[in-house]
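Trainee: Sharing data-v2.csv here; it has CSV, C-alpha atoms.
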chain,number,residue,atom,x,y,z
A,1,MET,CA,-3.1,6.3,-17.6
A,2,THR,CA,-4.0,10.0,-17.4
A,3,GLU,CA,-7.0,12.2,-18.1
A,4,THR,CA,-5.7,12.8,-21.7
A,5,THR,CA,-7.3,9.4,-22.5
A,6,GLY,CA,-10.7,10.9,-21.9
A,7,HIS,CA,-11.0,9.3,-18.4
A,8,THR,CA,-9.7,10.9,-15.2
A,9,PRO,CA,-8.4,7.9,-13.3
A,10,ALA,CA,-9.0,7.6,-9.5
A,11,ALA,CA,-6.9,6.1,-6.8
A,12,LEU,CA,-7.5,5.2,-3.2
A,13,ILE,CA,-4.3,5.2,-1.1
A,14,ILE,CA,-4.8,3.7,2.3
A,15,GLY,CA,-2.4,5.3,4.7
A,16,ALA,CA,-1.6,8.5,3.0
A,17,SER,CA,-1.1,11.0,5.8
A,18,ARG,CA,2.7,11.1,5.5
A,19,GLY,CA,5.7,9.2,4.2
A,20,LEU,CA,5.4,7.0,1.1
A,21,GLY,CA,1.6,7.0,1.1
A,22,HIS,CA,1.5,10.8,1.0
A,23,ALA,CA,4.3,11.0,-1.6
A,24,MET,CA,2.4,8.5,-3.8
A,25,ALA,CA,-0.8,10.6,-3.5
A,26,ALA,CA,1.2,13.7,-4.6
A,27,GLU,CA,2.8,11.9,-7.5
A,28,LEU,CA,-0.5,10.6,-8.8
A,29,ARG,CA,-2.1,14.0,-8.5
A,30,ASP,CA,0.8,15.5,-10.5
A,31,ARG,CA,0.1,12.8,-13.2
A,32,GLY,CA,-3.6,13.9,-13.5
A,33,TRP,CA,-5.3,11.5,-11.2
A,34,HIS,CA,-7.9,12.1,-8.6
A,35,VAL,CA,-6.7,10.7,-5.3
A,36,ILE,CA,-8.6,9.7,-2.2
A,37,GLY,CA,-6.2,9.3,0.7
A,38,THR,CA,-6.9,8.0,4.2
A,39,VAL,CA,-5.7,9.2,7.6
A,40,ARG,CA,-6.0,7.4,10.9
A,41,ASP,CA,-6.8,10.3,13.1
A,42,PRO,CA,-9.5,12.6,11.8
A,43,GLU,CA,-8.6,15.4,14.3
A,44,ALA,CA,-4.8,15.6,13.5
A,45,ARG,CA,-3.5,17.8,10.7
A,46,THR,CA,-1.2,16.0,8.4
A,47,PRO,CA,0.9,16.6,5.3
A,48,LEU,CA,-2.0,15.1,3.3
A,49,HIS,CA,-4.2,18.0,4.5
A,50,GLU,CA,-1.7,20.5,3.2
A,51,LEU,CA,-1.5,18.7,-0.1
A,52,ALA,CA,-5.3,18.6,-0.5
A,53,GLU,CA,-5.4,22.4,0.1
A,54,ARG,CA,-3.1,22.9,-2.9
A,55,SER,CA,-4.7,20.4,-5.2
A,56,ALA,CA,-7.8,22.1,-6.5
A,57,GLY,CA,-10.2,19.3,-5.5
A,58,ARG,CA,-8.0,16.5,-6.8
A,59,ILE,CA,-7.2,15.2,-3.3
A,60,ARG,CA,-10.0,13.9,-1.0
A,61,ILE,CA,-9.3,12.9,2.6
A,62,GLU,CA,-11.1,10.0,4.3
A,63,GLN,CA,-10.6,8.5,7.8
A,64,LEU,CA,-9.6,4.9,8.4
A,65,ASP,CA,-7.7,3.1,11.0
A,66,ILE,CA,-6.9,-0.2,9.3
A,67,ASN,CA,-6.8,-2.0,12.6
A,68,GLU,CA,-10.5,-1.1,13.2
A,69,PRO,CA,-12.5,-3.3,10.8
A,70,ASP,CA,-15.8,-1.8,11.8
A,71,GLN,CA,-14.6,1.4,10.1
A,72,LEU,CA,-14.5,-0.3,6.7
A,73,PRO,CA,-18.3,-0.6,5.9
A,74,PRO,CA,-18.9,3.1,6.5
A,75,LEU,CA,-15.9,4.0,4.3
A,76,HIS,CA,-17.2,1.6,1.6
A,77,ASP,CA,-20.6,3.4,1.8
A,78,ARG,CA,-19.0,6.8,1.4
A,79,LEU,CA,-17.1,5.7,-1.7
A,80,ALA,CA,-19.8,3.5,-3.2
A,81,HIS,CA,-20.5,6.0,-6.0
A,82,ARG,CA,-16.9,6.0,-7.2
A,83,GLU,CA,-15.1,3.6,-9.4
A,84,LEU,CA,-11.5,3.2,-8.7
A,85,ASP,CA,-8.7,2.4,-11.1
A,86,LEU,CA,-6.2,1.8,-8.3
A,87,LEU,CA,-6.5,0.6,-4.7
A,88,PHE,CA,-3.2,0.6,-2.8
A,89,VAL,CA,-2.7,-0.3,0.9
A,90,ASN,CA,0.3,1.4,2.5
A,91,ALA,CA,0.7,0.0,6.0
A,92,GLY,CA,3.6,-1.0,8.1
A,93,THR,CA,5.0,-1.3,11.6
A,94,THR,CA,7.8,-3.1,13.2
A,95,ASN,CA,9.4,-4.1,16.5
A,96,ASN,CA,13.0,-4.1,17.7
A,97,GLU,CA,14.8,-5.6,14.7
A,98,GLN,CA,17.3,-7.6,16.9
A,99,THR,CA,14.6,-9.4,18.9
A,100,PRO,CA,14.6,-13.1,17.9
A,101,ILE,CA,11.1,-14.5,17.2
A,102,GLY,CA,11.2,-16.7,20.3
A,103,ALA,CA,11.6,-13.6,22.5
A,104,VAL,CA,8.7,-11.6,20.9
A,105,SER,CA,5.8,-11.1,23.3
A,106,THR,CA,2.3,-12.2,22.2
A,107,ASP,CA,1.1,-8.6,22.2
A,108,GLU,CA,4.0,-7.5,20.0
A,109,PHE,CA,3.4,-10.4,17.6
A,110,VAL,CA,-0.2,-9.7,17.3
A,111,GLU,CA,0.3,-5.9,16.7
A,112,VAL,CA,2.9,-6.4,13.9
A,113,MET,CA,1.1,-9.3,12.2
A,114,VAL,CA,-2.3,-7.6,12.3
A,115,THR,CA,-1.0,-4.3,11.1
A,116,ASN,CA,1.2,-5.7,8.3
A,117,ALA,CA,-0.7,-8.7,7.1
A,118,LEU,CA,-4.3,-9.1,8.4
A,119,SER,CA,-5.5,-5.5,8.2
A,120,PRO,CA,-4.3,-4.8,4.7
A,121,MET,CA,-6.1,-7.9,3.4
A,122,ARG,CA,-9.3,-6.9,5.3
A,123,VAL,CA,-9.1,-3.6,3.6
A,124,ILE,CA,-8.7,-5.2,0.2
A,125,GLU,CA,-11.5,-7.7,0.7
A,126,ALA,CA,-13.8,-5.0,1.9
A,127,LEU,CA,-13.2,-2.5,-0.8
A,128,GLU,CA,-12.2,-4.6,-3.9
A,129,ASP,CA,-15.6,-4.2,-5.5
A,130,LEU,CA,-15.0,-0.5,-5.9
A,131,VAL,CA,-12.1,-1.3,-8.3
A,132,SER,CA,-12.9,-1.5,-12.0
A,133,ALA,CA,-12.7,-4.8,-13.7
A,134,THR,CA,-9.4,-3.9,-15.3
A,135,GLY,CA,-8.0,-1.9,-12.4
A,136,LEU,CA,-5.1,-2.6,-10.0
A,137,ILE,CA,-5.1,-3.7,-6.4
A,138,GLY,CA,-1.8,-3.4,-4.5
A,139,ALA,CA,-0.1,-3.5,-1.1
A,140,MET,CA,3.2,-2.3,0.3
A,141,SER,CA,5.3,-5.3,0.9
A,142,SER,CA,9.0,-5.4,1.4
A,143,GLY,CA,12.0,-7.2,0.0
A,144,GLN,CA,12.4,-8.5,3.5
A,145,GLY,CA,9.3,-10.6,3.0
A,146,SER,CA,11.2,-12.7,0.5
A,147,ILE,CA,12.0,-16.1,2.0
A,148,THR,CA,14.5,-16.8,-0.8
A,149,ASN,CA,16.4,-13.6,-0.1
A,150,ASN,CA,16.7,-13.9,3.6
A,151,VAL,CA,20.4,-14.6,4.0
A,152,ALA,CA,21.1,-12.0,6.7
A,153,GLY,CA,18.5,-12.7,9.4
A,154,SER,CA,17.4,-10.1,11.9
A,155,ARG,CA,14.0,-8.3,11.8
A,156,GLU,CA,12.4,-11.7,12.1
A,157,LEU,CA,8.9,-10.7,13.1
A,158,TYR,CA,8.8,-7.9,10.4
A,159,ARG,CA,10.0,-10.4,7.8
A,160,GLY,CA,7.4,-12.9,8.8
A,161,SER,CA,4.6,-10.4,8.7
A,162,LYS,CA,5.5,-9.3,5.1
A,163,ALA,CA,5.9,-12.9,4.0
A,164,ALA,CA,2.4,-13.6,5.4
A,165,LEU,CA,1.1,-10.6,3.5
A,166,ASN,CA,2.6,-12.0,0.3
A,167,MET,CA,1.0,-15.3,0.9
A,168,PHE,CA,-2.4,-13.9,1.7
A,169,MET,CA,-2.3,-11.6,-1.4
A,170,ARG,CA,-1.4,-14.6,-3.5
A,171,GLY,CA,-4.4,-16.5,-2.3
A,172,PHE,CA,-6.6,-13.5,-2.9
A,173,ALA,CA,-5.2,-13.0,-6.5
A,174,ILE,CA,-6.0,-16.7,-7.2
A,175,ARG,CA,-9.6,-16.1,-6.2
A,176,GLN,CA,-9.6,-13.2,-8.6
A,177,SER,CA,-8.0,-15.1,-11.5
A,178,GLY,CA,-11.1,-14.9,-13.6
A,179,THR,CA,-11.0,-11.1,-13.7
A,180,GLY,CA,-8.8,-8.6,-15.7
A,181,ARG,CA,-7.4,-7.0,-12.6
A,182,ALA,CA,-3.7,-6.6,-11.9
A,183,PHE,CA,-2.3,-7.2,-8.4
A,184,VAL,CA,1.0,-5.9,-7.1
A,185,LEU,CA,3.1,-6.5,-4.0
A,186,LEU,CA,5.5,-3.6,-4.0
A,187,ALA,CA,9.0,-3.9,-2.4
A,188,PRO,CA,10.2,-0.3,-2.3
A,189,GLY,CA,13.6,-0.8,-0.8
A,190,TRP,CA,15.2,0.8,2.2
A,191,ILE,CA,13.9,4.4,2.1
A,192,ARG,CA,14.3,7.2,4.6
A,193,THR,CA,10.9,7.2,6.2
A,194,ALA,CA,9.7,6.9,9.8
A,195,LEU,CA,9.9,3.2,9.5
A,196,GLY,CA,13.1,3.0,7.4
A,197,GLY,CA,15.0,5.4,9.6
A,198,PRO,CA,17.5,8.1,8.9
A,199,ASP,CA,20.3,5.7,7.8
A,200,ALA,CA,18.3,4.4,4.8
A,201,PRO,CA,20.2,5.1,1.5
A,202,PHE,CA,17.3,6.2,-0.6
A,203,THR,CA,15.0,9.3,-0.3
A,204,ILE,CA,11.2,9.4,-0.7
A,205,GLU,CA,11.6,12.0,-3.4
A,206,GLU,CA,13.8,9.8,-5.6
A,207,SER,CA,11.9,6.6,-5.0
A,208,THR,CA,8.3,7.6,-5.3
A,209,PRO,CA,8.2,8.3,-9.1
A,210,LEU,CA,9.8,4.9,-9.7
A,211,MET,CA,7.2,3.2,-7.5
A,212,VAL,CA,4.3,4.9,-9.2
A,213,ASP,CA,5.8,4.0,-12.6
A,214,VAL,CA,5.8,0.3,-11.5
A,215,LEU,CA,2.2,0.4,-10.5
A,216,LEU,CA,0.9,2.1,-13.6
A,217,SER,CA,2.9,-0.2,-15.8
A,218,ARG,CA,0.9,-3.1,-14.4
A,219,LEU,CA,-2.5,-1.7,-15.3
A,220,GLY,CA,-4.0,-3.9,-18.0
A,221,GLN,CA,-1.8,-6.9,-17.0
A,222,PRO,CA,-3.9,-9.4,-15.1
A,223,GLY,CA,-2.4,-11.5,-12.3
A,224,LEU,CA,-0.1,-11.0,-9.3
A,225,ALA,CA,3.5,-9.6,-9.4
A,226,TYR,CA,5.9,-9.1,-6.5
A,227,LEU,CA,8.2,-6.2,-7.7
A,228,ASP,CA,10.8,-3.9,-6.5
A,229,ARG,CA,10.7,-0.1,-7.3
A,230,PHE,CA,12.5,-0.7,-10.6
A,231,GLY,CA,9.9,-3.2,-11.8
A,232,ALA,CA,12.1,-6.2,-11.3
A,233,GLY,CA,10.6,-9.4,-9.9
A,234,VAL,CA,11.4,-10.2,-6.3
A,235,PRO,CA,11.8,-13.9,-5.5
A,236,TRP,CA,9.1,-15.3,-3.2
Please re-express this file's structure in structure tokens.

Mentor:
Amino acid sequence: MTETTGHTPAALIIGASRGLGHAMAAELRDRGWHVIGTVRDPEARTPLHELAERSAGRIRIEQLDINEPDQLPPLHDRLAHRELDLLFVNAGTTNNEQTPIGAVSTDEFVEVMVTNALSPMRVIEALEDLVSATGLIGAMSSGQGSITNNVAGSRELYRGSKAALNMFMRGFAIRQSGTGRAFVLLAPGWIRTALGGPDAPFTIEESTPLMVDVLLSRLGQPGLAYLDRFGAGVPW
């Protein structure tokens, strides 16, 4: 979908200050979209600010800390006049990947589960009415959220948080089953980001166009899909 259809599509990327969220915002801009991207700290300059300055009004920056639910109603009010074609929540944190779940502290458990599972769904629930009846709502999941594919162990809390996100998104999509909306849980693979680390085999630059292709291919296809960056289904 591009503006050549007579409609300039609009996307809201939650968590676009850097990394994959920033790269997705840039890719959508290059494809003719208007993009609203959120940053957590309104005082900090980020790569998204630099992108906005080069984008001739196609990039708008809003502030949101997804772990602060009282910030959602004001954001909704600021965007109430916009209809979105795409809402995508890019959020993620982790702990020491070798820590077994029984050794995780309560505070650590809460931080990862809230950031990776509860907060993304709060955002989606709060803003879903801004998305058109045939638009797309998505969230950044992980192949490590697949219970079927967990044959290696490790990263137990992170895996559990992404599996929880998948389950919550599935429940939300069922409640939306009477609509024409598409829903996507995207598993991007191991990518060189702040979360993925320097040893990851894939770069942001090579992965982002594939991820955006997957999202746009789902527009107009109602229902929930759990997909990797090539568009292949990931087993739940």

Trainee: For Arg40 of chain A, please output as a tab-separated table (two decimals) with C-alpha atoms, in the coordinates of the input all residues within 7 Å (counting only C-alpha atoms; exclusion window: fewer than 6 positions along the same chain).

Mentor:
chain	number	residue	atom	x	y	z
A	63	GLN	CA	-10.60	8.50	7.80
A	64	LEU	CA	-9.60	4.90	8.40
A	65	ASP	CA	-7.70	3.10	11.00

Trainee: With distances taken over all atoms listed in the file, which of A:Gly138, A:Pro69, A:Gly32, A:Pro9 is nearest to Ser119 of chain A?

Mentor: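 Of A:Gly138, A:Pro69, A:Gly32, A:Pro9, the one nearest Ser119 of chain A is A:Pro69, counting all atoms listed in the file.
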
Trainee: Compile the contact shell of Asn149 of chain A as a count of residues only: residues with an atom at most 10 Å away, counting only C-alpha atoms, same-chain residues fewer than 5 positions apart removed.

Mentor: 5

Trainee: Which is closest to Leu20 of chain A among A:Pro188, A:Gly57, A:Pro74, A:Pro42, if we use all atoms listed in the file?

Mentor: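 That would be A:Pro188, the residue with the smallest distance to Leu20 of chain A.
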
Trainee: In Å to one decimal, how far is atom CA of Leu215 of chain A from atom CA of Ala139 of chain A?

Mentor: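 Going from atom CA of Ala139 of chain A over to atom CA of Leu215 of chain A covers 10.4 Å.
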
Trainee: Determine the nearest neighbour of Ile204 of chain A from the options A:Gly189, A:Gly231, A:Pro120, A:Pro47, counting all atoms listed in the file.

Mentor: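 Between A:Gly189, A:Gly231, A:Pro120, A:Pro47, the residue approaching Ile204 of chain A most closely is A:Gly189.
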
Trainee: From the options A:Glu156, A:Asp41, A:Asp70, A:Asp228, which residue's atoms come nearest to Thr99 of chain A, counting only C-alpha atoms?

Mentor: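 Closest residue, counting only C-alpha atoms: A:Glu156.
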
Trainee: Can you measure atom CA of His7 of chain A to atom CA of His34 of chain A for me? One decimal in Å is fine.

Mentor: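 Going from atom CA of His7 of chain A over to atom CA of His34 of chain A, I get 10.7 Å.
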
Trainee: Can you pull out every residue within 12 Å of Ala164 of chain A, counting all atoms listed in the file, but drop anything in the same chain fewer than 4 positions away, and send it as an NGL selection string?

Mentor: :A and (112-121 or 141-142 or 144-147 or 157-160 or 168-171 or 185 or 236)

Trainee: Leaving out Pro73 of chain A and any residue of its chain fewer than 5 positions from it, which residues lie within 9 Å of it when counting only C-alpha atoms, given as a PyMOL selection string?

Mentor: chain A and resi 78+126-127

Trainee: Which one of A:Glu50, A:Glu108, A:Asp30, A:Glu62 sits closest to Ser161 of chain A if you count all atoms listed in the file?

Mentor: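 So, comparing all the options, the nearest one is A:Glu108.
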
Trainee: With all atoms listed in the file as the atoms that count, which of A:Ala52, A:Val212, A:Leu136, A:Ala182 lies nearest to Arg31 of chain A?

Mentor: A:Val212

Trainee: Could you tell me how far atom CA of Pro100 of chain A lies from atom CA of Ile66 of chain A, in Å and to one decimal?

Mentor: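 According to the coordinates, atom CA of Pro100 of chain A and atom CA of Ile66 of chain A are separated by 26.5 Å.
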